[in-house]
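Q: My structure file input_12.txt, compact mmCIF, C-alpha atoms, is below:
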# COMPACT_ATOMS: atom_id res chain seq x y z
CA VAL A 1 -24.75 -38.47 34.32
CA GLN A 2 -23.55 -40.17 31.16
CA LEU A 3 -23.62 -37.70 28.29
CA THR A 4 -22.19 -40.00 25.63
CA ASN A 5 -23.92 -42.69 23.59
CA ILE A 6 -21.10 -45.13 24.36
CA SER A 7 -22.15 -48.33 26.09
CA PRO A 8 -19.28 -50.81 26.47
CA ALA A 9 -20.36 -54.46 26.52
CA ILE A 10 -18.21 -57.48 27.40
CA SER A 11 -19.08 -60.71 25.59
CA PHE A 12 -16.13 -63.00 26.35
CA THR A 13 -12.89 -63.03 28.34
CA ALA A 14 -9.98 -65.43 27.91
CA SER A 15 -6.32 -66.00 28.71
CA ALA A 16 -4.22 -64.17 26.13
CA ALA A 17 -2.16 -67.36 25.71
CA THR A 18 -4.88 -69.98 25.33
CA GLY A 19 -8.13 -68.28 24.35
CA THR A 20 -9.88 -70.01 27.26
CA SER A 21 -10.19 -69.89 31.05
CA PRO A 22 -9.11 -70.39 33.88
CA PHE A 23 -7.86 -67.12 35.38
CA ALA A 24 -5.32 -66.01 37.98
CA ALA A 25 -3.83 -62.79 39.28
CA GLY A 26 -0.97 -61.52 37.12
CA GLN A 27 -2.33 -63.16 33.97
CA LEU A 28 -2.55 -61.52 30.53
CA VAL A 29 -6.16 -61.61 29.36
CA SER A 30 -8.08 -60.63 26.22
CA ILE A 31 -11.53 -59.11 26.68
CA TYR A 32 -13.89 -59.20 23.71
CA GLY A 33 -17.06 -57.22 23.15
CA SER A 34 -18.26 -53.94 21.63
CA GLN A 35 -17.50 -50.25 22.25
CA LEU A 36 -14.63 -51.23 24.53
CA GLY A 37 -12.19 -48.69 23.11
CA PRO A 38 -11.26 -46.52 20.13
CA SER A 39 -12.08 -47.98 16.70
CA ALA A 40 -8.55 -47.23 15.45
CA GLY A 41 -7.04 -49.14 18.38
CA SER A 42 -4.53 -47.88 20.92
CA GLY A 43 -1.36 -49.68 22.00
CA LEU A 44 0.30 -49.84 25.37
CA GLN A 45 1.76 -46.67 26.86
CA LEU A 46 4.83 -46.64 29.05
CA GLY A 47 4.83 -44.34 32.07
CA PRO A 48 7.67 -43.45 34.44
CA GLY A 49 10.12 -46.26 35.09
CA GLY A 50 8.94 -48.23 32.07
CA VAL A 51 5.67 -49.19 33.75
CA VAL A 52 2.73 -49.90 31.43
CA THR A 53 -0.07 -47.41 32.14
CA THR A 54 -3.58 -48.34 33.29
CA SER A 55 -5.25 -46.29 30.55
CA SER A 56 -4.93 -46.33 26.77
CA GLY A 57 -7.12 -44.60 24.20
CA GLY A 58 -9.62 -43.66 26.89
CA THR A 59 -10.04 -47.27 28.05
CA GLN A 60 -9.52 -48.61 31.56
CA VAL A 61 -10.21 -52.08 32.97
CA LEU A 62 -10.99 -52.42 36.67
CA PHE A 63 -10.68 -55.66 38.64
CA ASN A 64 -12.34 -55.30 42.06
CA GLY A 65 -11.83 -51.56 41.55
CA THR A 66 -8.10 -51.83 40.78
CA ALA A 67 -7.06 -50.43 37.40
CA ALA A 68 -5.16 -52.96 35.29
CA PRO A 69 -2.21 -52.37 32.93
CA ILE A 70 -3.61 -51.97 29.39
CA LEU A 71 -1.63 -53.62 26.58
CA TYR A 72 -4.09 -52.79 23.77
CA ALA A 73 -7.49 -51.13 23.57
CA GLY A 74 -9.80 -51.31 20.58
CA ASP A 75 -13.51 -51.30 19.81
CA SER A 76 -13.94 -55.08 20.00
CA GLN A 77 -10.91 -56.21 22.03
CA VAL A 78 -8.91 -55.05 25.03
CA ASN A 79 -5.76 -56.79 26.28
CA ALA A 80 -4.94 -56.26 29.94
CA VAL A 81 -3.12 -57.84 32.88
CA ILE A 82 -5.12 -58.98 35.92
CA PRO A 83 -3.50 -57.01 38.79
CA CYS A 84 -1.10 -59.16 40.79
CA LYS A 85 -2.40 -57.63 44.03
CA LEU A 86 -5.49 -59.83 43.52
CA ALA A 87 -3.43 -62.92 44.42
CA GLY A 88 -5.24 -64.91 47.09
CA GLN A 89 -8.69 -63.69 46.05
CA SER A 90 -11.13 -66.24 44.64
CA SER A 91 -12.93 -63.95 42.22
CA ALA A 92 -12.82 -60.53 40.62
CA GLN A 93 -15.50 -58.17 39.37
CA MET A 94 -14.25 -56.89 36.01
CA VAL A 95 -15.52 -53.68 34.42
CA VAL A 96 -14.39 -51.98 31.20
CA ASP A 97 -14.57 -48.17 31.30
CA TYR A 98 -14.39 -46.36 27.95
CA MET A 99 -14.58 -42.56 27.97
CA GLY A 100 -16.35 -42.67 31.35
CA ALA A 101 -18.99 -45.19 30.27
CA GLN A 102 -18.82 -48.52 32.09
CA SER A 103 -19.74 -52.02 31.03
CA ALA A 104 -21.85 -54.28 33.18
CA PRO A 105 -19.52 -56.12 35.61
CA VAL A 106 -18.39 -59.63 34.78
CA THR A 107 -17.25 -61.98 37.56
CA LEU A 108 -14.10 -63.99 36.90
CA SER A 109 -13.18 -66.92 39.13
CA LEU A 110 -9.53 -66.73 40.17
CA GLY A 111 -7.29 -69.66 41.06
CA PRO A 112 -3.76 -69.69 42.51
CA ALA A 113 -2.44 -70.21 38.98
CA ALA A 114 -3.80 -70.68 35.44
CA PRO A 115 -0.74 -71.49 33.35
CA GLY A 116 -1.07 -71.02 29.61
CA ILE A 117 1.82 -71.45 27.14
CA PHE A 118 2.04 -68.96 24.28
CA THR A 119 1.87 -70.70 20.88
CA ALA A 120 3.29 -69.81 17.47
CA ASP A 121 -0.09 -69.01 15.93
CA GLY A 122 -1.64 -67.49 19.07
CA SER A 123 -4.37 -70.12 19.26
CA GLY A 124 -3.17 -71.78 22.46
CA GLN A 125 -2.83 -75.06 20.55
CA GLY A 126 -0.07 -76.71 18.52
CA GLN A 127 3.50 -75.48 18.19
CA ALA A 128 4.74 -73.52 21.20
CA ALA A 129 6.28 -70.10 20.57
CA ALA A 130 9.67 -71.50 21.56
CA LEU A 131 13.29 -70.74 20.79
CA ASN A 132 16.02 -73.31 20.36
CA GLN A 133 19.39 -72.85 22.05
CA ASP A 134 20.72 -70.98 18.96
CA ASN A 135 17.78 -68.52 19.21
CA SER A 136 16.09 -69.92 16.11
CA PHE A 137 12.38 -70.75 16.27
CA ASN A 138 11.57 -74.30 17.29
CA SER A 139 9.44 -76.09 14.69
CA PRO A 140 8.98 -79.57 13.19
CA SER A 141 11.49 -78.56 10.49
CA ASN A 142 13.86 -77.11 13.11
CA PRO A 143 13.61 -79.41 16.16
CA ALA A 144 15.64 -79.02 19.35
CA PRO A 145 18.29 -81.69 20.02
CA ARG A 146 18.06 -83.70 23.22
CA GLY A 147 20.22 -82.12 25.89
CA SER A 148 19.85 -78.62 24.44
CA ILE A 149 18.00 -75.72 26.06
CA VAL A 150 14.69 -74.41 24.73
CA THR A 151 12.96 -71.24 25.84
CA PHE A 152 9.19 -70.77 25.94
CA TYR A 153 6.79 -68.24 27.43
CA ALA A 154 3.64 -68.46 29.51
CA THR A 155 1.21 -66.41 31.55
CA GLY A 156 -0.99 -67.18 34.55
CA VAL A 157 1.90 -68.78 36.42
CA GLY A 158 0.93 -67.45 39.84
CA PRO A 159 2.40 -64.78 42.11
CA THR A 160 5.90 -63.39 41.60
CA LEU A 161 8.32 -61.73 43.99
CA PRO A 162 8.35 -58.81 43.69
CA CYS A 163 4.96 -58.03 42.15
CA VAL A 164 4.69 -54.66 40.40
CA ASP A 165 1.73 -54.35 38.02
CA GLY A 166 2.73 -53.21 34.55
CA ALA A 167 6.47 -53.27 35.22
CA THR A 168 8.97 -54.13 32.49
CA TYR A 169 12.32 -55.46 33.63
CA GLN A 170 15.85 -55.16 32.25
CA SER A 171 17.41 -56.80 35.33
CA ASN A 172 16.54 -58.09 38.84
CA PHE A 173 13.80 -60.24 37.33
CA PRO A 174 10.96 -61.32 39.63
CA THR A 175 10.94 -64.99 40.57
CA LEU A 176 7.97 -67.35 40.68
CA THR A 177 6.68 -68.30 44.11
CA LEU A 178 4.93 -71.53 43.10
CA PRO A 179 6.85 -74.75 42.33
CA VAL A 180 7.33 -75.42 38.60
CA VAL A 181 7.39 -78.70 36.68
CA VAL A 182 7.94 -78.91 32.90
CA VAL A 183 7.23 -82.12 31.00
CA VAL A 184 8.52 -82.65 27.44
CA GLY A 185 6.70 -85.59 25.90
CA ASN A 186 6.53 -87.94 28.88
CA SER A 187 9.84 -86.84 30.45
CA GLY A 188 10.40 -84.33 33.21
CA ALA A 189 12.72 -81.55 32.02
CA HIS A 190 15.35 -79.75 34.09
CA VAL A 191 14.24 -76.12 34.51
CA ASP A 192 17.26 -73.84 34.10
CA TYR A 193 15.29 -70.60 34.57
CA ALA A 194 11.71 -69.81 35.56
CA GLY A 195 10.80 -66.18 36.14
CA GLN A 196 9.83 -62.88 34.61
CA ALA A 197 10.59 -62.59 30.87
CA PRO A 198 13.18 -59.86 30.28
CA GLU A 199 11.82 -56.62 28.75
CA LEU A 200 8.25 -57.94 28.60
CA VAL A 201 5.40 -56.78 30.80
CA SER A 202 5.00 -58.27 34.25
CA GLY A 203 2.83 -61.37 33.88
CA VAL A 204 4.80 -62.91 31.01
CA ALA A 205 7.06 -65.67 32.38
CA GLN A 206 10.04 -67.21 30.62
CA PHE A 207 11.11 -70.82 31.02
CA ASP A 208 14.50 -72.14 29.91
CA VAL A 209 14.44 -75.94 30.04
CA VAL A 210 16.81 -78.72 29.06
CA ILE A 211 15.31 -81.24 26.62
CA PRO A 212 15.64 -84.58 28.50
CA SER A 213 18.12 -87.09 27.09
CA ASP A 214 15.33 -89.68 27.05
CA ALA A 215 12.70 -87.42 25.50
CA THR A 216 10.60 -88.87 22.72
CA THR A 217 11.62 -87.39 19.37
CA GLY A 218 9.30 -85.73 16.91
CA VAL A 219 6.41 -83.39 17.74
CA VAL A 220 5.68 -84.03 21.42
CA PRO A 221 3.43 -82.46 24.08
CA LEU A 222 4.80 -79.61 26.19
CA THR A 223 3.23 -79.33 29.66
CA LEU A 224 3.81 -76.70 32.33
CA VAL A 225 2.66 -77.29 35.91
CA THR A 226 2.75 -74.37 38.36
CA GLY A 227 1.61 -74.91 41.92
CA GLY A 228 0.00 -78.20 40.89
CA VAL A 229 -2.09 -76.57 38.13
CA PHE A 230 -1.55 -78.01 34.64
CA SER A 231 -1.30 -75.86 31.51
CA THR A 232 -3.97 -76.20 28.82
CA PRO A 233 -3.29 -79.40 26.87
CA GLY A 234 -2.54 -79.45 23.14
CA VAL A 235 0.71 -77.45 23.06
CA THR A 236 3.67 -79.14 21.35
CA ILE A 237 7.42 -78.79 20.84
CA ALA A 238 9.70 -80.44 18.27
CA VAL A 239 12.57 -82.69 19.45
CA LYS A 240 15.29 -84.55 17.56
Kindly return the structure encoded in the file as structure tokens.
A:
Amino acid sequence: VQLTNISPAISFTASAATGTSPFAAGQLVSIYGSQLGPSAGSGLQLGPGGVVTTSSGGTQVLFNGTAAPILYAGDSQVNAVIPCKLAGQSSAQMVVDYMGAQSAPVTLSLGPAAPGIFTADGSGQGQAAALNQDNSFNSPSNPAPRGSIVTFYATGVGPTLPCVDGATYQSNFPTLTLPVVVVVGNSGAHVDYAGQAPELVSGVAQFDVVIPSDATTGVVPLTLVTGGVFSTPGVTIAVK
């Protein structure tokens, strides 16, 4: 029997990187609605071994009954990670539970991957949140030279080995199981590293790529392909 007057309602769910669908296991997502969590907001909590907990501020998110790592819980937004154990499933029933009151379930379609590149302004469009080889932020006023390494971040890149929901890694970083292609402008880039981002929650991947010697200069498209699935178009990087 529900004794509270809380009634969580989900209005919209999106990739945390792009603000849109599609979805995949191991992806960071933002869930929008009302009465989803505490009005003051509650950040992620780290449990034993540096693993992000599946509850914050009285909020849990369940995907096919599996509790997801919670990165932030607030009244109108919850950020969570779709459990990686859902890899291989084609859909997930998602429910937000706040203080024991549950939202109506929402069905998300799941693909093998749903790559989304994190951008500087969080919109999923425009300048990628990328670092040049000297660790300065890539931007049109600070472009990366051809032949140098740039680092960018993405989510929804498909299953990793190992897969531990909510884990944060200082070493022995999980590797991606799907093949990766990165295109800078119209040129394929050599991928120096593709795997779990150090110190960030499982589900955030880091890519270190060499800007091709024949890359177009200026503000050019940045495309990530994992397992044959293309990232959301409209993300750019600056090359000189």
Q: Please provide the set of residues having any atom within 12 Å of Ala25 in chain A, restricted to all atoms listed in the file, with same-chain residues fewer than 5 positions apart removed, written as a PyMOL selection string.
A: chain A and resi 15+63-64+66+68+80-92+108-115+155-160+163-165+202-204
Q: Determine the nearest neighbour of Ser76 in chain A from the options A:Gly37, A:Pro162, A:Gly50, A:Gly100, counting only C-alpha atoms.
A: A:Gly37
Q: So how many Å separate CA of Gly49 in chain A and CA of Gly26 in chain A, to one decimal?
A: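 Distance reported for this atom pair: 19.0 Å.
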Q: Which neighbours of Thr223 in chain A fall inside 10 Å, counting only C-alpha atoms, when residues of the same chain fewer than 4 positions from it are skipped, and could you give them as a PyMOL selection string?
A: chain A and resi 115-117+181-186+188+230-237
Q: Select all residues near (16.0, -87.1, 34.0) (cut-off 8 Å, inclusive, file coordinates), counting only C-alpha atoms, and output them as a PyMOL selection string.
A: chain A and resi 187-190+212-214
Q: With C-alpha atoms kept, could you save the residues just selected as a compact mmCIF listing (two decimals), in the frame of the given file?
A:
# COMPACT_ATOMS: atom_id res chain seq x y z
CA SER A 187 9.84 -86.84 30.45
CA GLY A 188 10.40 -84.33 33.21
CA ALA A 189 12.72 -81.55 32.02
CA HIS A 190 15.35 -79.75 34.09
CA PRO A 212 15.64 -84.58 28.50
CA SER A 213 18.12 -87.09 27.09
CA ASP A 214 15.33 -89.68 27.05
Q: For a quick check of understanding, using only C-alpha atoms, which of A:Gly126, A:Gln27, A:Tyr32, A:Tyr72 has the smallest distance to Leu44 in chain A?
A: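 Under the stated criterion, the closest residue is A:Tyr72.
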Q: Could you check how far CA of Ala144 in chain A sits from CA of Ala16 in chain A, in Å to one decimal?
A: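 CA of Ala144 in chain A sits 25.7 Å away from CA of Ala16 in chain A.
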Q: Smallest atom-to-atom distance to Val201 in chain A: which of A:Gln77, A:Thr18, A:Ser123, A:Thr53, using all atoms listed in the file?
A: A:Thr53
Q: Counting all atoms listed in the file, which of A:Ala167, A:Pro221, A:Ala130, A:Met94 gets nearest to Gly47 in chain A?
A: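 Using all atoms listed in the file, Gly47 in chain A sits closest to A:Ala167.
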Q: As JSON, please: the centre and edge lengths in Å, to one decimal, of an axis-aligned box enclosing every listed atom of range 172-182 of chain A with 3 Å added on each side.
A:
{"center_x": 10.7, "center_y": -68.5, "center_z": 38.5, "size_x": 17.6, "size_y": 26.8, "size_z": 17.2}
Q: For the point (-11.4, -54.1, 35.6) in file coordinates, what residues are within 6 Å, counting all atoms listed in the file? Give the answer as a tab-separated table (two decimals) with C-alpha atoms, in the frame of the given file?
A:
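Now in selection-v1.tsv:
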chain	number	residue	atom	x	y	z
A	61	VAL	CA	-10.21	-52.08	32.97
A	62	LEU	CA	-10.99	-52.42	36.67
A	63	PHE	CA	-10.68	-55.66	38.64
A	67	ALA	CA	-7.06	-50.43	37.40
A	94	MET	CA	-14.25	-56.89	36.01
A	95	VAL	CA	-15.52	-53.68	34.42
A	96	VAL	CA	-14.39	-51.98	31.20
Q: Which residue, A:Ile6, A:Ala40, A:Ala205, A:Leu178, has the smallest gap to Leu28 in chain A when you use all atoms listed in the file?
A: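 Of A:Ile6, A:Ala40, A:Ala205, A:Leu178, the one nearest Leu28 in chain A, counting all atoms listed in the file, is A:Ala205.
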Q: So the first atom is CA of Thr151 in chain A and the second is CA of Gly228 in chain A; what is the distance between them in Å, to one decimal place?
A: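 Between CA of Thr151 in chain A and CA of Gly228 in chain A the gap works out to 21.0 Å.
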Q: If we count only C-alpha atoms and set the cut-off at 9 Å, which residues sit around range 193-197 of chain A, ignoring sequence neighbours fewer than 2 positions away in its own chain? Please answer as a list of chain:residue names.
A: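 Neighbouring residues, sequence-local ones excluded: A:Tyr153, A:Thr160, A:Thr168, A:Tyr169, A:Phe173, A:Pro174, A:Thr175, A:Leu176, A:Val180, A:Val191, A:Glu199, A:Leu200, A:Val201, A:Ser202, A:Gly203, A:Val204, A:Ala205, A:Gln206, A:Phe207, A:Asp208, A:Val209.
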Q: Mind writing the picked residues with C-alpha atoms as a short mmCIF file (atom, residue, chain, number, x, y, z; two decimals), keeping the file's coordinate frame?
A:
data_model
loop_
_atom_site.label_atom_id
_atom_site.label_comp_id
_atom_site.auth_asym_id
_atom_site.auth_seq_id
_atom_site.Cartn_x
_atom_site.Cartn_y
_atom_site.Cartn_z
CA TYR A 153 6.79 -68.24 27.43
CA THR A 160 5.90 -63.39 41.60
CA THR A 168 8.97 -54.13 32.49
CA TYR A 169 12.32 -55.46 33.63
CA PHE A 173 13.80 -60.24 37.33
CA PRO A 174 10.96 -61.32 39.63
CA THR A 175 10.94 -64.99 40.57
CA LEU A 176 7.97 -67.35 40.68
CA VAL A 180 7.33 -75.42 38.60
CA VAL A 191 14.24 -76.12 34.51
CA GLU A 199 11.82 -56.62 28.75
CA LEU A 200 8.25 -57.94 28.60
CA VAL A 201 5.40 -56.78 30.80
CA SER A 202 5.00 -58.27 34.25
CA GLY A 203 2.83 -61.37 33.88
CA VAL A 204 4.80 -62.91 31.01
CA ALA A 205 7.06 -65.67 32.38
CA GLN A 206 10.04 -67.21 30.62
CA PHE A 207 11.11 -70.82 31.02
CA ASP A 208 14.50 -72.14 29.91
CA VAL A 209 14.44 -75.94 30.04
#
Q: Looking at A:Ser148, A:Thr13, A:Asn142, A:Gln93, which one is nearest to Asn79 in chain A, with distances taken over all atoms listed in the file?
A: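 Going through A:Ser148, A:Thr13, A:Asn142, A:Gln93 one by one, the smallest distance to Asn79 in chain A is for A:Thr13.
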